[in-house]
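Below: run01.txt (compact mmCIF, C-alpha atoms)
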```
# COMPACT_ATOMS: atom_id res chain seq x y z
CA MET A 25 114.99 120.73 90.62
CA SER A 26 115.20 118.73 93.85
CA GLY A 27 115.59 119.71 97.46
CA PRO A 28 118.49 118.75 99.71
CA ALA A 29 119.58 115.11 99.99
CA GLY A 30 117.40 114.03 97.07
CA GLY A 31 114.24 115.48 98.60
CA PRO A 32 111.21 116.93 96.82
CA PRO A 33 111.29 119.63 94.15
CA ARG A 34 111.20 123.16 95.53
CA PHE A 35 108.44 124.21 93.15
CA PRO A 36 105.38 126.16 94.32
CA PRO A 37 101.99 124.52 93.88
CA PRO A 38 100.31 124.80 90.46
CA ALA A 39 98.54 128.04 89.56
CA ASP A 40 95.10 126.37 89.78
CA PHE A 41 95.73 124.52 93.07
CA PRO A 42 93.24 125.83 95.68
CA ILE A 43 94.00 126.18 99.39
CA ALA A 44 91.84 127.25 102.34
CA LEU A 45 92.77 128.54 105.79
CA ASP A 46 92.69 125.71 108.31
CA GLU A 47 90.03 125.97 111.00
CA GLY A 48 92.84 125.97 113.57
CA THR A 49 94.65 128.91 111.98
CA SER A 50 94.17 132.25 113.76
CA LEU A 51 95.31 135.70 112.64
CA TRP A 52 96.55 138.34 115.06
CA SER A 53 97.87 141.91 115.07
CA GLY A 54 95.90 142.96 112.04
CA GLY A 55 96.94 139.93 110.01
CA ARG A 56 100.64 140.32 110.71
CA VAL A 57 100.89 137.11 112.77
CA ALA A 58 99.35 133.66 112.26
CA THR A 59 99.14 130.79 114.74
CA GLY A 60 98.30 127.16 114.02
CA GLY A 61 99.68 124.52 111.70
CA ALA A 62 101.22 121.09 112.25
CA PRO A 63 103.01 121.17 114.62
CA TRP A 64 101.45 124.32 116.11
CA LYS A 65 103.58 127.43 115.61
CA VAL A 66 103.58 131.22 115.53
CA VAL A 67 104.41 132.75 112.12
CA ARG A 68 105.10 136.39 111.30
CA LEU A 69 103.66 137.21 107.87
CA ALA A 70 105.44 139.38 105.33
CA ASP A 71 103.60 142.47 104.08
CA ALA A 72 103.26 140.89 100.61
CA ALA A 73 101.49 137.86 102.10
CA ARG A 74 98.85 139.76 104.06
CA PRO A 75 96.49 140.58 101.14
CA ARG A 76 96.60 136.91 100.08
CA ILE A 77 95.83 135.73 103.60
CA ALA A 78 92.92 138.18 103.78
CA ALA A 79 91.57 136.83 100.49
CA LEU A 80 91.80 133.27 101.81
CA ARG A 81 89.91 134.31 104.91
CA ARG A 82 87.10 135.76 102.80
CA ALA A 83 86.98 132.63 100.60
CA GLY A 84 86.29 130.37 103.58
CA GLY A 85 86.16 126.60 103.21
CA ARG A 86 85.78 126.60 99.43
CA GLY A 87 89.36 127.85 99.16
CA LEU A 88 91.14 129.94 96.61
CA ALA A 89 93.81 129.46 93.94
CA ASP A 90 96.01 132.53 93.39
CA PRO A 91 97.88 132.09 90.08
CA SER A 92 100.16 135.09 90.58
CA PRO A 93 103.86 134.44 91.34
CA VAL A 94 103.48 136.03 94.77
CA GLY A 95 100.29 134.06 95.48
CA ARG A 96 101.96 130.78 94.61
CA ALA A 97 105.05 131.67 96.65
CA VAL A 98 102.85 132.45 99.66
CA ALA A 99 100.89 129.21 99.20
CA ARG A 100 104.03 127.07 99.49
CA PRO A 101 104.79 127.66 103.21
CA LEU A 102 101.08 127.77 104.07
CA LEU A 103 100.71 124.27 102.63
CA ASP A 104 103.94 122.95 104.11
CA HIS A 105 102.99 124.11 107.62
CA TRP A 106 99.25 123.25 107.25
CA LEU A 107 98.19 126.81 107.99
CA ALA A 108 96.19 126.56 104.75
CA PRO A 109 95.57 122.97 103.60
CA PRO A 110 94.68 122.06 100.02
CA VAL A 111 91.10 121.67 98.82
CA PRO A 112 91.57 120.11 95.36
CA ALA A 113 88.42 119.04 93.55
CA PRO A 114 87.99 115.31 92.81
CA ARG A 115 89.15 114.38 89.30
CA PRO A 116 87.65 111.43 87.44
CA GLY A 117 90.05 108.85 86.00
CA PRO A 118 91.53 106.97 84.37
CA HIS A 119 94.56 107.41 86.62
CA GLU A 120 98.14 106.25 86.10
CA VAL A 121 98.22 104.07 89.21
CA THR A 122 99.44 100.53 89.82
CA VAL A 123 98.07 98.65 92.83
CA VAL A 124 100.50 96.64 94.98
CA ILE A 125 98.89 94.04 97.26
CA PRO A 126 101.05 92.16 99.81
CA ALA A 127 99.35 88.88 100.66
CA TYR A 128 99.84 85.93 102.97
CA GLY A 129 97.11 83.31 102.69
CA ARG A 130 93.48 84.47 103.04
CA ALA A 131 92.64 84.07 99.36
CA ASP A 132 89.00 84.98 100.05
CA GLU A 133 90.07 88.40 101.28
CA LEU A 134 92.36 88.84 98.28
CA GLU A 135 89.46 88.09 95.92
CA ARG A 136 87.36 90.84 97.53
CA CYS A 137 90.28 93.27 97.38
CA LEU A 138 90.93 92.52 93.70
CA ALA A 139 87.26 93.09 92.90
CA ALA A 140 87.44 96.53 94.55
CA VAL A 141 90.42 97.63 92.42
CA GLU A 142 89.15 96.12 89.17
CA GLY A 143 90.31 97.99 86.08
CA LEU A 144 93.71 98.95 87.46
CA PRO A 145 97.02 97.16 86.88
CA VAL A 146 97.71 95.04 89.96
CA ILE A 147 100.81 93.33 91.37
CA VAL A 148 100.13 90.72 94.05
CA VAL A 149 103.14 89.74 96.17
CA ASP A 150 102.66 86.36 97.85
CA ASP A 151 104.90 86.47 100.91
CA ALA A 152 105.54 82.68 100.94
CA SER A 153 102.03 81.54 101.82
CA PRO A 154 102.05 77.86 102.97
CA ASP A 155 99.72 76.96 100.08
CA PRO A 156 100.29 79.26 97.09
CA ARG A 157 97.54 77.78 94.91
CA PRO A 158 94.52 79.77 96.19
CA LEU A 159 96.35 83.08 95.80
CA ARG A 160 97.54 82.05 92.34
CA ARG A 161 93.98 81.26 91.29
CA ALA A 162 92.61 84.55 92.69
CA ALA A 163 95.30 86.64 90.99
CA GLY A 164 94.91 84.79 87.70
CA ALA A 165 91.13 85.22 87.66
CA ALA A 166 91.54 88.98 88.14
CA GLY A 167 94.31 89.33 85.56
CA ALA A 168 96.80 90.47 88.22
CA ARG A 169 100.54 89.87 88.08
CA LEU A 170 101.67 87.48 90.82
CA VAL A 171 105.14 87.48 92.39
CA ARG A 172 106.07 85.02 95.12
CA HIS A 173 108.73 85.16 97.82
CA ALA A 174 110.52 81.88 98.46
CA VAL A 175 110.56 82.59 102.21
CA ASN A 176 108.35 84.78 104.37
CA ARG A 177 110.01 88.21 104.72
CA GLY A 178 107.20 90.36 106.12
CA PRO A 179 104.92 93.10 104.75
CA ALA A 180 107.75 95.65 104.35
CA ALA A 181 109.65 93.35 102.00
CA ALA A 182 106.48 92.43 100.10
CA ARG A 183 105.68 96.09 99.47
CA ASN A 184 109.28 96.76 98.38
CA THR A 185 109.13 93.89 95.91
CA GLY A 186 105.94 95.25 94.40
CA LEU A 187 107.17 98.83 94.25
CA ARG A 188 110.30 97.82 92.33
CA LEU A 189 108.05 96.48 89.56
CA VAL A 190 105.78 99.53 89.27
CA GLU A 191 106.11 101.53 86.04
CA THR A 192 103.41 104.16 86.64
CA PRO A 193 104.06 107.50 88.45
CA LEU A 194 101.81 106.51 91.37
CA ALA A 195 101.41 103.25 93.29
CA ALA A 196 98.56 102.30 95.61
CA LEU A 197 99.63 100.04 98.47
CA VAL A 198 96.54 98.08 99.45
CA ASP A 199 96.54 95.29 102.03
CA SER A 200 94.64 92.21 100.97
CA ASP A 201 92.01 92.71 103.71
CA CYS A 202 91.14 96.20 102.43
CA ARG A 203 88.58 97.26 99.82
CA PRO A 204 88.74 100.84 98.49
CA GLU A 205 85.35 102.42 97.86
CA ALA A 206 84.29 103.81 94.50
CA GLY A 207 85.91 107.11 93.58
CA TRP A 208 88.81 106.79 96.04
CA LEU A 209 91.48 107.62 93.46
CA ASP A 210 89.44 110.55 92.12
CA VAL A 211 89.83 112.12 95.58
CA LEU A 212 93.45 111.15 96.31
CA VAL A 213 95.20 111.68 92.96
CA PRO A 214 94.64 115.50 92.72
CA HIS A 215 96.79 115.98 95.84
CA PHE A 216 99.80 114.91 93.78
CA ASP A 217 99.47 118.03 91.63
CA ASP A 218 101.50 119.55 94.48
CA PRO A 219 105.09 118.47 93.71
CA ARG A 220 106.04 118.20 97.40
CA VAL A 221 103.47 115.48 98.15
CA ALA A 222 104.90 111.96 98.46
CA ALA A 223 101.92 110.07 99.86
CA VAL A 224 98.23 110.48 100.68
CA ALA A 225 96.27 108.16 102.95
CA PRO A 226 92.51 107.56 102.77
CA ARG A 227 90.29 106.88 105.77
CA VAL A 228 90.28 103.18 106.68
CA ARG A 229 87.06 102.03 108.35
CA PRO A 230 85.96 98.58 109.61
CA ASP A 231 83.33 96.78 107.56
CA PRO A 232 79.87 98.00 108.64
CA GLY A 233 77.02 95.73 109.66
CA ASP A 234 78.45 93.65 112.51
CA ARG A 235 76.76 94.57 115.82
CA ARG A 236 78.89 92.51 118.19
CA LEU A 237 80.43 94.46 121.04
CA LEU A 238 84.00 94.25 119.73
CA ALA A 239 82.85 95.26 116.24
CA ARG A 240 81.08 98.29 117.69
CA TYR A 241 84.22 99.22 119.59
CA GLU A 242 86.32 98.92 116.42
CA THR A 243 83.85 101.18 114.60
CA ALA A 244 84.38 103.83 117.28
CA ARG A 245 88.09 103.35 118.03
CA SER A 246 89.77 101.38 115.24
CA ALA A 247 93.56 101.67 115.33
CA LEU A 248 93.50 102.19 111.54
CA ASP A 249 90.87 104.96 111.49
CA MET A 250 92.55 108.38 111.66
CA GLY A 251 89.30 110.34 111.96
CA VAL A 252 87.23 112.81 109.97
CA ARG A 253 89.64 115.76 109.63
CA PRO A 254 92.23 116.09 106.85
CA ALA A 255 95.76 116.49 108.16
CA LEU A 256 99.41 116.95 107.35
CA VAL A 257 101.12 113.86 108.77
CA ARG A 258 104.30 114.51 110.74
CA PRO A 259 105.74 113.96 114.22
CA GLY A 260 104.42 116.51 116.70
CA GLY A 261 101.39 117.31 114.55
CA ARG A 262 97.77 116.42 115.24
CA LEU A 263 98.33 113.26 113.20
CA GLY A 264 101.77 111.75 113.73
CA PHE A 265 101.46 108.81 111.32
CA VAL A 266 99.10 106.97 109.00
CA PRO A 267 98.85 103.22 108.45
CA THR A 268 99.85 101.71 105.14
CA ALA A 269 96.80 99.46 105.08
CA THR A 270 95.99 101.60 102.04
CA LEU A 271 98.29 104.40 100.90
CA LEU A 272 98.80 106.15 97.56
CA VAL A 273 102.45 107.05 96.96
CA ARG A 274 104.56 108.91 94.43
CA VAL A 275 106.99 106.26 93.14
CA ALA A 276 109.83 108.74 92.52
CA ALA A 277 109.58 109.96 96.12
CA VAL A 278 109.67 106.56 97.80
CA ARG A 279 112.68 105.59 95.71
CA ASP A 280 114.46 108.52 97.41
CA LEU A 281 114.45 106.46 100.60
CA GLY A 282 117.42 104.35 99.60
CA SER A 283 118.61 101.38 97.58
CA GLY A 284 117.45 98.96 100.28
CA GLY A 285 113.82 99.75 99.51
CA ALA A 286 111.16 102.22 100.57
CA PHE A 287 110.26 100.18 103.66
CA ASP A 288 112.69 99.02 106.34
CA GLU A 289 112.63 95.23 106.01
CA GLY A 290 114.08 94.88 109.51
CA LEU A 291 110.68 95.94 110.88
CA ARG A 292 107.83 93.45 110.93
CA LEU A 293 105.58 96.03 112.63
CA GLY A 294 105.76 99.81 112.70
CA GLU A 295 107.27 99.87 109.23
CA ASP A 296 104.48 102.23 108.15
CA VAL A 297 105.32 104.78 110.86
CA ASP A 298 109.03 104.58 110.00
CA PHE A 299 108.22 104.99 106.29
CA VAL A 300 106.19 108.17 106.80
CA TRP A 301 108.74 109.73 109.16
CA ARG A 302 111.66 109.08 106.80
CA LEU A 303 109.75 110.73 103.95
CA GLY A 304 109.23 113.77 106.18
CA ASP A 305 112.91 113.86 107.09
CA LEU A 306 113.71 114.25 103.38
CA GLY A 307 111.30 117.18 103.09
CA TRP A 308 108.35 115.38 101.49
CA ASN A 309 104.78 115.98 102.65
CA VAL A 310 102.39 113.17 103.59
CA ARG A 311 98.68 113.95 103.84
CA TYR A 312 95.58 112.30 105.22
CA GLU A 313 92.40 112.67 103.15
CA PRO A 314 89.30 111.18 104.87
CA ASP A 315 86.96 111.91 101.93
CA ALA A 316 88.49 108.82 100.28
CA ARG A 317 87.33 105.71 102.12
CA VAL A 318 88.46 102.12 102.40
CA ALA A 319 86.67 99.22 104.08
CA HIS A 320 88.78 96.92 106.23
CA THR A 321 88.10 93.46 107.67
CA ALA A 322 88.67 93.86 111.40
CA ARG A 323 89.90 91.03 113.63
CA LEU A 324 86.88 90.36 115.83
CA ARG A 325 87.86 87.21 117.69
CA PRO A 326 88.89 88.54 121.13
CA VAL A 327 92.18 86.59 121.17
CA ASP A 328 93.15 87.75 117.66
CA TRP A 329 92.15 91.32 118.45
CA ALA A 330 94.16 91.43 121.68
CA ARG A 331 97.18 89.81 120.03
CA ARG A 332 97.14 92.39 117.24
CA ARG A 333 96.89 95.32 119.66
CA HIS A 334 99.80 93.85 121.63
CA GLU A 335 101.84 93.50 118.42
CA TYR A 336 101.23 97.15 117.57
CA GLY A 337 102.66 98.07 120.97
CA THR A 338 105.80 95.98 120.50
CA SER A 339 106.84 98.15 117.54
CA ALA A 340 107.52 101.08 119.87
CA ALA A 341 110.99 99.93 120.92
CA ASP A 342 112.29 99.56 117.36
CA LEU A 343 110.78 102.91 116.36
CA ALA A 344 112.30 104.64 119.39
CA ARG A 345 115.74 103.34 118.44
CA ARG A 346 115.37 104.56 114.84
CA HIS A 347 113.68 107.88 115.72
CA PRO A 348 114.83 109.04 119.18
CA GLY A 349 112.48 111.43 120.94
CA ARG A 350 109.56 111.08 118.53
CA LEU A 351 107.42 108.60 120.44
CA ALA A 352 105.27 110.23 123.11
CA PRO A 353 105.02 107.95 126.20
CA ALA A 354 101.48 109.23 126.84
CA ARG A 355 98.94 111.53 125.19
CA PRO A 356 96.66 112.70 128.01
CA SER A 357 93.60 114.83 127.34
CA MET A 358 92.84 117.99 129.30
CA TRP A 359 90.30 115.95 131.28
CA ASN A 360 93.02 113.46 132.28
CA LEU A 361 95.29 116.27 133.37
CA ALA A 362 92.50 117.94 135.35
CA VAL A 363 91.76 114.72 137.25
CA LEU A 364 95.45 114.16 138.04
CA GLY A 365 95.87 117.78 139.14
CA LEU A 366 92.89 117.62 141.49
CA LEU A 367 94.12 114.34 142.98
CA ALA A 368 97.58 115.85 143.49
CA ARG A 369 95.99 118.76 145.40
CA GLY A 370 94.02 116.40 147.64
CA ARG A 371 90.59 116.97 146.05
CA PRO A 372 89.34 113.43 145.37
CA GLY A 373 85.68 114.51 145.29
CA LEU A 374 86.28 117.09 142.57
CA ALA A 375 88.51 114.62 140.72
CA ALA A 376 85.70 112.04 140.74
CA ALA A 377 83.22 114.63 139.49
CA CYS A 378 85.59 115.69 136.72
CA SER A 379 86.07 112.05 135.71
CA ALA A 380 82.30 111.50 135.64
CA VAL A 381 81.79 114.50 133.35
CA ALA A 382 84.52 113.23 131.02
CA ALA A 383 82.90 109.78 130.92
CA ALA A 384 79.49 111.30 130.16
CA ARG A 385 80.94 113.30 127.28
CA ARG A 386 82.49 110.17 125.80
CA ALA A 387 79.40 107.97 126.24
CA PRO A 388 77.78 108.92 122.89
CA ARG A 389 80.91 107.81 121.00
CA LEU A 390 80.87 104.43 122.71
CA ALA A 391 77.12 103.87 122.56
```
Give the structure from this file in C-alpha cells form.
Amino acid sequence: MSGPAGGPPRFPPPADFPIALDEGTSLWSGGRVATGGAPWKVVRLADAARPRIAALRRAGGRGLADPSPVGRAVARPLLDHWLAPPVPAPRPGPHEVTVVIPAYGRADELERCLAAVEGLPVIVVDDASPDPRPLRRAAGAAGARLVRHAVNRGPAAARNTGLRLVETPLAALVDSDCRPEAGWLDVLVPHFDDPRVAAVAPRVRPDPGDRRLLARYETARSALDMGVRPALVRPGGRLGFVPTATLLVRVAAVRDLGSGGAFDEGLRLGEDVDFVWRLGDLGWNVRYEPDARVAHTARLRPVDWARRRHEYGTSAADLARRHPGRLAPARPSMWNLAVLGLLARGRPGLAAACSAVAAARRAPRLA
C-alpha cells in the first residue's frame, strides 16, 4: 500500500521498533500538548496517545517499542514529526546492499574507498576520466563492476547510472574520496525497518591527523559534517539537507522520483539537496545518523578549498528556482541578532561586549 503520488507505504513502524522522546520535545497541560519536532510545532495529543507518551517519558533515552495497534499508530506521527526519533539497535550483517561509487580520476582515492567497502557488491561509474586505465585497474583488483560514461555528465548522472544497475533493496552511494568506518551498515540498515524511510546519512568527517590550520578548520567546520545529533532531514528543520558524499538509500523509494533518474542531471552541484527535498515532497523520510561514520579526504590546498566553497554557493540559484522559498538567505544566531539589535538602538559599547562574549564562547571549537 503506497501513499499519494507513488509515495511511501502508510504502514506503522514494526512492533519491535523502539522510539524515544526527543530532547527537544516538551509536554504541557498534563501531557495533552507537545511541542518540538522538525520543523518545530505544537501538537495536541489524543487521549489514547497520552499513556504511550507517558511511558516514553519514563523510558528515557533507551526508548520503548509498543507492539500494540494503538502504540504503533501513535508511533507513526511521532516518528514523522521527530517528536520521538527512532533508537534501533545496530544489527550485524551481512546486509543486502550494493555500493555505487561515482569516480572521475583519482584512482588512489578509489583504491582506498574500495578497500573500505570490501565484501560488498560494488558498481564503479567512471564519469569519462581522461585516462580510464587506473580506474579500470583499481576496480578490477577489487572485483568491482566498472561502467564508463563516454562523456563527462557529472555526479548526478553517474549516481543514476549506478542506481539503475542495482538489484539489492538498498544502495550505498559512496564518493570515491570517502571511506566508511567498520560497522557503518550495522548502524544504518536498521532504520529501514521503518517503511517510510527512504535514505539515511552517516556522519562524514575529514581524515584525522593533519594539523595544518586549514585541516583544523575543516575538522571543526567541515561543510560535509552535519554534527553529533541525529535528525529528521527536511526544509525548515534543524537539519535541512544532508550531502550525498555517503548515503544509504532504499532503491524502491528513489525510483519513485521519476523516469529521468533519482538525481537531477541538470545540476552539477546541489543535486544532493534537491534529491533529499524531492523525496520529502513525496512523503518519504530522510534521516541523519551520526553513530555511523565515514572518513573523507578534505581539499586542503587553499585555492582548491576556496574554489570548492565558492562552487557550493553557486548551487543556490538553481535550487531556489526548483524549490522557491526553501533557501534561507541567512541563518543568524541569537548572538548575531543581539549585536544587530544593540547597534540599531545606538549601543555600540554593549554590542562590542556581546560580540566579545560570543567570540569567547566559540573559541574552544576553533582552538
Considering only C-alpha atoms, return as number ranges by chain whatever protein or nucleic-acid residues lie within 9 Å of A:Leu248, sequence-local ones (same chain, fewer than 5 positions apart) excluded. A: 227-230, 266-267, 269, 320
Between atom CA of A:Trp208 and atom CA of A:Tyr241, measure the distance and give it in Å to one decimal.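 About the pair atom CA of A:Trp208 and atom CA of A:Tyr241: they are 25.2 Å apart.
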Distance query stretch 145-148 of chain A at most 12 Å, only C-alpha atoms, self and fewer than 4 positions along chain excluded, as JSON, numbers by chain: {"A": [118, 119, 120, 121, 122, 123, 124, 125, 126, 127, 128, 129, 131, 134, 135, 137, 138, 139, 140, 141, 152, 156, 159, 160, 161, 162, 163, 164, 166, 167, 168, 169, 170, 171, 172, 173, 179, 182, 183, 184, 185, 186, 187, 188, 189, 190, 191, 192, 194, 195, 196, 197, 198, 199, 200]}
Using all atoms listed in the file, which residue out of A:Pro32, A:Arg240, A:Val252, A:Glu313 lies closest to A:Arg279? A:Pro32
Option closest in space to A:Ala97, from A:Gly370, A:Pro154, A:Pro38, A:Pro33 [counting all atoms listed in the file]: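 Smallest separation from A:Ala97 among the options: A:Pro38.
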Please compute the atom CA of A:Ala44-atom CA of A:Ala108 distance, one decimal, in Å.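 Computing the Euclidean distance for atom CA of A:Ala44 and atom CA of A:Ala108 yields 5.0 Å.
Among A:Ala78, A:Leu361, A:Ala72, A:Ala277, the residue with the shortest atom-to-atom distance to A:Ser50, counting all atoms listed in the file, is A:Ala78.
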When you look at A:Val211 with a cut-off of 7 Å (counting only C-alpha atoms), what residues show up, excluding the ones that are within fewer than 4 positions of it in the same chain? I need them as a list in words. Pro114, Arg115, Gly207, Asp315 and Ala316 of chain A
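The smallest atom-to-atom distance between A:Ala255 and any of A:Ser53, A:Thr243, A:Asn309, A:Thr59, using all atoms listed in the file, is found for A:Asn309.
Every residue within 12 Å of the file position (104.5, 121.4, 116.4), judged by all atoms listed in the file, is given as Thr59, Gly60, Gly61, Ala62, Pro63, Trp64, Lys65, Val66, His105, Trp106, Leu107, Leu256, Val257, Arg258, Pro259, Gly260, Gly261, Arg262, Leu263, Gly264 and Arg350 of chain A.
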Record the distance separating atom CA of A:Arg86 and atom CA of A:Ala113, expressed in Å with one decimal. 9.9 Å
Listed atoms of stretch 68-86 of chain A, axis-aligned box, 4 Å per side: centre and edge lengths to one decimal in Å, as AutoDock Vina command-line options?
```
--center_x 95.6 --center_y 134.5 --center_z 105.4 --size_x 27.7 --size_y 23.9 --size_z 19.9
```
Set the distance at 7 Å and use all atoms listed in the file: which residues neighbour A:Ala89 once local chain neighbours fewer than 6 positions away are removed? I'd like the list as a list in words.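 Neighbouring residues, sequence-local ones excluded: Ala39, Asp40, Phe41, Pro42 and Ile43 of chain A.
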Using only C-alpha atoms, which of A:Ala206, A:Leu103, A:Ala180, A:Ala174 sits nearest A:Glu142?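 Closest candidate: A:Ala206.
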Distance cut-off 12 Å, centre (102.3, 109.7, 97.6) in file coordinates, counting only C-alpha atoms: which residues qualify? Return them as number ranges by chain. A: 32, 121, 193-197, 209, 212-226, 257, 268, 270-279, 286, 299-300, 303-304, 308-313
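With distances restricted to only C-alpha atoms, A:Gly87 is the closest residue to A:Asp46 from A:Pro75, A:Pro348, A:Gly87, A:Gly294.
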Output stretch 134-149 of chain A as a short mmCIF file (atom, residue, chain, number, x, y, z; two decimals), in the coordinates of the input, making sure N, CA, C and O atoms are there.
```cif
data_model
loop_
_atom_site.label_atom_id
_atom_site.label_comp_id
_atom_site.auth_asym_id
_atom_site.auth_seq_id
_atom_site.Cartn_x
_atom_site.Cartn_y
_atom_site.Cartn_z
N LEU A 134 91.70 88.33 99.48
CA LEU A 134 92.36 88.84 98.28
C LEU A 134 91.36 88.98 97.14
O LEU A 134 91.39 89.96 96.38
N GLU A 135 90.45 88.02 96.98
CA GLU A 135 89.46 88.09 95.92
C GLU A 135 88.60 89.35 96.06
O GLU A 135 88.30 90.04 95.07
N ARG A 136 88.18 89.65 97.29
CA ARG A 136 87.36 90.84 97.53
C ARG A 136 88.16 92.12 97.26
O ARG A 136 87.64 93.09 96.70
N CYS A 137 89.42 92.11 97.64
CA CYS A 137 90.28 93.27 97.38
C CYS A 137 90.46 93.48 95.88
O CYS A 137 90.35 94.62 95.38
N LEU A 138 90.72 92.41 95.15
CA LEU A 138 90.93 92.52 93.70
C LEU A 138 89.66 93.01 93.00
O LEU A 138 89.74 93.79 92.04
N ALA A 139 88.51 92.61 93.49
CA ALA A 139 87.26 93.09 92.90
C ALA A 139 87.10 94.59 93.10
O ALA A 139 86.58 95.30 92.24
N ALA A 140 87.58 95.11 94.25
CA ALA A 140 87.44 96.53 94.55
C ALA A 140 88.36 97.40 93.71
O ALA A 140 88.07 98.58 93.50
N VAL A 141 89.47 96.84 93.22
CA VAL A 141 90.42 97.63 92.42
C VAL A 141 90.38 97.20 90.95
O VAL A 141 91.33 97.45 90.20
N GLU A 142 89.29 96.59 90.55
CA GLU A 142 89.15 96.12 89.17
C GLU A 142 89.35 97.27 88.19
O GLU A 142 88.91 98.40 88.41
N GLY A 143 90.05 96.98 87.10
CA GLY A 143 90.31 97.99 86.08
C GLY A 143 91.66 98.65 86.19
O GLY A 143 92.06 99.37 85.28
N LEU A 144 92.37 98.40 87.27
CA LEU A 144 93.71 98.95 87.46
C LEU A 144 94.75 97.84 87.31
O LEU A 144 94.46 96.67 87.61
N PRO A 145 95.96 98.18 86.86
CA PRO A 145 97.02 97.16 86.88
C PRO A 145 97.36 96.81 88.32
O PRO A 145 97.49 97.70 89.18
N VAL A 146 97.51 95.51 88.59
CA VAL A 146 97.71 95.04 89.96
C VAL A 146 98.89 94.08 90.02
O VAL A 146 99.05 93.21 89.15
N ILE A 147 99.72 94.26 91.06
CA ILE A 147 100.81 93.33 91.37
C ILE A 147 100.52 92.74 92.74
O ILE A 147 100.43 93.46 93.73
N VAL A 148 100.33 91.43 92.78
CA VAL A 148 100.13 90.72 94.05
C VAL A 148 101.45 90.07 94.44
O VAL A 148 102.05 89.34 93.65
N VAL A 149 101.90 90.34 95.68
CA VAL A 149 103.14 89.74 96.17
C VAL A 149 102.78 88.73 97.24
O VAL A 149 102.36 89.08 98.34
#
```
